[in-house]
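To start, the structure itself, in structure tokens.
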Amino acid sequence: MKAYYHARAEEYDEWWQNAARERPGWSLELERVVELLGRFRGRTLDVACGTGYITRHLGGEVTGLDQSDAMVAIARERVPAATFVVGDALDIPFADESFDRVFASYFYCHLEEGDRLRFVEEARRVASELVVMGSVARPGEPHAQWQERVLHDGSQWQVYKRVFDPDDLAAELGGEILHAGDWFVVARGS
């Protein structure tokens with residue numbers, strides 16, 4: 001996964017832009033989610049922050065963590081007020097209780113069971129709250145699958161991807177739904 005996202009850094013934002021063109025209501029719903037994220041206060045660790053596309057909308061004091069130095073370089077340019085660190089989300093390089101919350105946008109959906117449990121344990125070690133943002137499952141869509149992704153350079157990658165029923169995600173995190181729409185789900189667990 002690290003190599004894939006490192007290779008994808010320069011074209012990562014295109015996914016957000018293409019989705020806005022191809023999915024009716026996407027942009028309006030994203031605006032509502034961004035407004036919700038902007039209400040965060042305190043210290044937030046944005047795990048797998050990528051290029052900072054969503055990080056820039058988080059309220060409060062923000063630290064971004066990503067395993068790809070190419071992603072972090074873009075995020076630093078985009079969100080100069082935040083702090084960015086290259087590191088492993090499954091071995092978060094911060095002391096216990098360093099943050100008020102861990103936020104993960106489109107990272108949690110790539111974790112298979114063992115890594116998912118390890119990540120949740122790490123998130124709960126460094127913060128009292130975990131907030132996850134992901135995609136809502138479309139009718140008839142498998143909730144977990146391996147997908148082939150092809151980058152502009154022609155390289156092909158196999159990527160594990162989950163989509164969520166909002167109630168199931170909230171239950172999985174032991175928490176509540178903050179947003180459930182046609183495209184996005186945001187859930188909080190403690």
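Following the order of the structure tokens, chains are lettered A, B, ..., residues in each are numbered from 1, and ligands are numbered from 1.
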Q.
With only C-alpha atoms as the counted atoms, please give the residues lying no more than 10 Å from A:Gly25, apart from itself and same-chain residues fewer than 6 positions off, as JSON, numbers by chain.
A. {"A": [19, 181, 182, 183]}
If we count only C-alpha atoms and set the cut-off at 9 Å, which residues sit around A:Val34, ignoring sequence neighbours fewer than 5 positions away in its own chain? Please answer as a CSV table (one decimal) with C-alpha atoms, in the first residue's frame.
```csv
chain,number,residue,atom,x,y,z
A,29,GLU,CA,-22.4,16.7,0.4
A,39,ARG,CA,-15.9,22.3,13.9
A,54,ILE,CA,-9.2,16.9,3.6
A,57,HIS,CA,-10.6,21.6,6.4
A,58,LEU,CA,-10.0,20.2,9.9
```
Q.
Need to verify the contact set: stretch 143-147 of chain A, 12 Å, only C-alpha atoms, exclusion of same-chain residues closer than 4 positions in sequence. Can you return it as an MDAnalysis selection string?
A. chainID A and resid 108:113 134:139 156:166 168:169
Just C-alpha atoms for this one: save the residues we selected as a PDB file, in the first residue's frame.
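Contents of result_39.pdb, as written:
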```pdb
ATOM      1  CA  TYR A 108      -9.579   2.847   7.436  1.00  0.00           C
ATOM      2  CA  CYS A 109     -11.342   1.497   4.340  1.00  0.00           C
ATOM      3  CA  HIS A 110      -8.055  -0.013   3.089  1.00  0.00           C
ATOM      4  CA  LEU A 111      -7.293  -2.016   6.231  1.00  0.00           C
ATOM      5  CA  GLU A 112      -7.820  -5.738   6.378  1.00  0.00           C
ATOM      6  CA  GLU A 113      -8.941  -7.189   9.718  1.00  0.00           C
ATOM      7  CA  GLY A 134     -15.341   6.748   4.185  1.00  0.00           C
ATOM      8  CA  SER A 135     -17.683   5.888   1.346  1.00  0.00           C
ATOM      9  CA  VAL A 136     -21.258   4.745   1.777  1.00  0.00           C
ATOM     10  CA  ALA A 137     -21.984   1.376   0.159  1.00  0.00           C
ATOM     11  CA  ARG A 138     -24.096   1.670  -2.961  1.00  0.00           C
ATOM     12  CA  PRO A 139     -27.008  -0.780  -3.374  1.00  0.00           C
ATOM     13  CA  GLN A 156      -1.233  -1.585 -12.032  1.00  0.00           C
ATOM     14  CA  TRP A 157      -1.951  -2.097  -8.357  1.00  0.00           C
ATOM     15  CA  GLN A 158      -4.245  -4.351  -6.334  1.00  0.00           C
ATOM     16  CA  VAL A 159      -5.886  -2.381  -3.517  1.00  0.00           C
ATOM     17  CA  TYR A 160      -8.145  -3.670  -0.742  1.00  0.00           C
ATOM     18  CA  LYS A 161     -11.200  -1.428  -0.368  1.00  0.00           C
ATOM     19  CA  ARG A 162     -14.181  -1.369   1.982  1.00  0.00           C
ATOM     20  CA  VAL A 163     -17.339   0.709   1.765  1.00  0.00           C
ATOM     21  CA  PHE A 164     -19.701   1.089   4.667  1.00  0.00           C
ATOM     22  CA  ASP A 165     -23.237   0.920   5.882  1.00  0.00           C
ATOM     23  CA  PRO A 166     -23.226   3.915   8.273  1.00  0.00           C
ATOM     24  CA  ASP A 168     -22.313  -0.840  10.766  1.00  0.00           C
ATOM     25  CA  LEU A 169     -19.340   1.525  10.786  1.00  0.00           C
TER      26      LEU A 169
END
```
Q) Got a sec to tell me which of chain A DSSP assigns to helix (DSSP H, G or I), as a ChimeraX atom specification? A) /A:2-22,26-38,55-57,69-78,108-110,113-126,166-173
Polymer residues at most 8 Å from A:Thr51, only C-alpha atoms, same-chain spacing of 3 or more positions, as a short mmCIF file (atom, residue, chain, number, x, y, z; two decimals) with N, CA and C atoms, in the first residue's frame:
```cif
data_model
loop_
_atom_site.label_atom_id
_atom_site.label_comp_id
_atom_site.auth_asym_id
_atom_site.auth_seq_id
_atom_site.Cartn_x
_atom_site.Cartn_y
_atom_site.Cartn_z
N ALA A 9 0.89 9.96 -5.48
CA ALA A 9 0.86 11.28 -4.84
C ALA A 9 0.50 12.40 -5.81
N TYR A 12 -3.23 12.05 -6.89
CA TYR A 12 -4.22 11.69 -5.87
C TYR A 12 -5.44 12.61 -5.89
N ASP A 13 -5.23 13.92 -5.97
CA ASP A 13 -6.35 14.87 -5.90
C ASP A 13 -7.34 14.70 -7.05
N MET A 71 3.56 12.37 -0.48
CA MET A 71 2.26 12.90 -0.05
C MET A 71 2.46 14.02 0.97
N VAL A 72 3.34 13.79 1.94
CA VAL A 72 3.58 14.79 2.99
C VAL A 72 4.12 16.09 2.40
N ALA A 73 4.98 16.00 1.40
CA ALA A 73 5.52 17.21 0.77
C ALA A 73 4.41 18.06 0.16
N ILE A 74 3.45 17.42 -0.49
CA ILE A 74 2.32 18.15 -1.06
C ILE A 74 1.44 18.74 0.04
N ALA A 75 1.19 17.95 1.10
CA ALA A 75 0.35 18.41 2.21
C ALA A 75 0.98 19.61 2.90
N ARG A 78 0.19 22.62 0.93
CA ARG A 78 -1.24 22.93 0.93
C ARG A 78 -1.70 23.48 2.28
#
```
Using only C-alpha atoms, tabulate the residues of stretch 20-64 of chain A lying at most 12 Å from any atom of stretch 118-125 of chain A, each with its closest atom pair and that distance in Å to one decimal, by chain and increasing residue number, as CSV.
```
residue,atom,partner,partner_atom,distance
A:Thr44,CA,A:Ala123,CA,11.1
A:Leu45,CA,A:Ala123,CA,9.1
A:Asp46,CA,A:Ala123,CA,10.5
A:Val47,CA,A:Ala123,CA,9.0
A:Ala48,CA,A:Phe119,CA,11.3
```
Q. If you count only C-alpha atoms, which residues fall within 10 Å of A:Leu36, apart from same-chain ones fewer than 6 positions away, as number ranges by chain?
A. A: 30, 57-59, 178-179, 186
Please save N, CA and C atoms of the selected residues as a PDB file, in the first residue's frame.
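The result, written out as selection-v3.pdb:
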```pdb
ATOM      1  N   LEU A  30     -20.017  16.936   0.131  1.00  0.00           N
ATOM      2  CA  LEU A  30     -18.663  17.169   0.627  1.00  0.00           C
ATOM      3  C   LEU A  30     -18.598  18.502   1.367  1.00  0.00           C
ATOM      4  N   HIS A  57      -9.242  21.214   5.911  1.00  0.00           N
ATOM      5  CA  HIS A  57     -10.554  21.605   6.417  1.00  0.00           C
ATOM      6  C   HIS A  57     -10.753  21.285   7.897  1.00  0.00           C
ATOM      7  N   LEU A  58      -9.814  20.588   8.510  1.00  0.00           N
ATOM      8  CA  LEU A  58      -9.953  20.211   9.908  1.00  0.00           C
ATOM      9  C   LEU A  58      -9.744  21.421  10.817  1.00  0.00           C
ATOM     10  N   GLY A  59     -10.642  21.586  11.781  1.00  0.00           N
ATOM     11  CA  GLY A  59     -10.498  22.663  12.745  1.00  0.00           C
ATOM     12  C   GLY A  59      -9.546  22.270  13.861  1.00  0.00           C
ATOM     13  N   LEU A 178     -21.760  10.661  12.682  1.00  0.00           N
ATOM     14  CA  LEU A 178     -21.744  12.124  12.639  1.00  0.00           C
ATOM     15  C   LEU A 178     -22.347  12.649  11.340  1.00  0.00           C
ATOM     16  N   HIS A 179     -22.188  11.860  10.271  1.00  0.00           N
ATOM     17  CA  HIS A 179     -22.766  12.212   8.974  1.00  0.00           C
ATOM     18  C   HIS A 179     -23.006  10.919   8.202  1.00  0.00           C
ATOM     19  N   VAL A 186     -19.348   9.589   8.088  1.00  0.00           N
ATOM     20  CA  VAL A 186     -18.371   9.990   9.106  1.00  0.00           C
ATOM     21  C   VAL A 186     -18.904   9.448  10.417  1.00  0.00           C
TER      22      VAL A 186
END
```
Q.
Just list as JSON, numbers by chain whatever in stretch 36-138 of chain A DSSP marks as strand (DSSP E).
A. {"A": [43, 44, 45, 46, 47, 61, 62, 63, 64, 65, 66, 83, 84, 85, 86, 99, 100, 101, 102, 103, 104, 105, 127, 128, 129, 130, 131, 132, 133, 134, 135]}
Q.
I'd like to know which of A:Val79, A:Ala187, A:Leu37, A:Val86 is closest to A:Gly60, using only C-alpha atoms.
A.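 Among the listed residues, the smallest separation from A:Gly60 belongs to A:Leu37.
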Q: Please provide the set of residues having any atom within 10 Å of A:Pro93, restricted to only C-alpha atoms, with same-chain residues fewer than 5 positions apart removed, written as a list in words.
A: Leu65, Val85, Val86, Gly87, Asp88, Glu122 and Val126 of chain A
Using C-alpha atoms, can you export the residues from the last selection as a PDB file, in the first residue's frame?
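Once written, result-v2.pdb looks like this:
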```pdb
ATOM      1  CA  LEU A  65       0.760  11.671   9.429  1.00  0.00           C
ATOM      2  CA  VAL A  85       5.201  13.814   9.969  1.00  0.00           C
ATOM      3  CA  VAL A  86       6.247  10.844   7.819  1.00  0.00           C
ATOM      4  CA  GLY A  87       5.375   7.716   9.761  1.00  0.00           C
ATOM      5  CA  ASP A  88       3.472   4.454  10.071  1.00  0.00           C
ATOM      6  CA  GLU A 122      -2.960   2.604  18.185  1.00  0.00           C
ATOM      7  CA  VAL A 126      -2.830   8.319  21.308  1.00  0.00           C
TER       8      VAL A 126
END
```
Q. Neighbours of A:Gly42 within 9 Å (only C-alpha atoms; same-chain residues fewer than 6 positions away dropped), as a PyMOL selection string?
A. chain A and resi 59-62+99-101
Q: Return the single residue from A:Arg188, A:Arg23, A:Arg8, A:Arg32 that is closest to A:Leu130, with distances computed using only C-alpha atoms.
A: A:Arg188
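Among the candidates A:Ser128, A:Phe94, A:Cys49, A:Phe184, the one nearest to A:Leu28 when counting only C-alpha atoms is A:Phe184.
Among A:Ala127, A:Ala3, A:Ala171, A:Val185, the residue with the shortest atom-to-atom distance to A:Ala95, counting only C-alpha atoms, is A:Ala127.
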Q. What is the distance between atom CA of A:Lys2 and atom CA of A:His152, in Å to one decimal?
A.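 Going from atom CA of A:Lys2 over to atom CA of A:His152, I get 17.3 Å.
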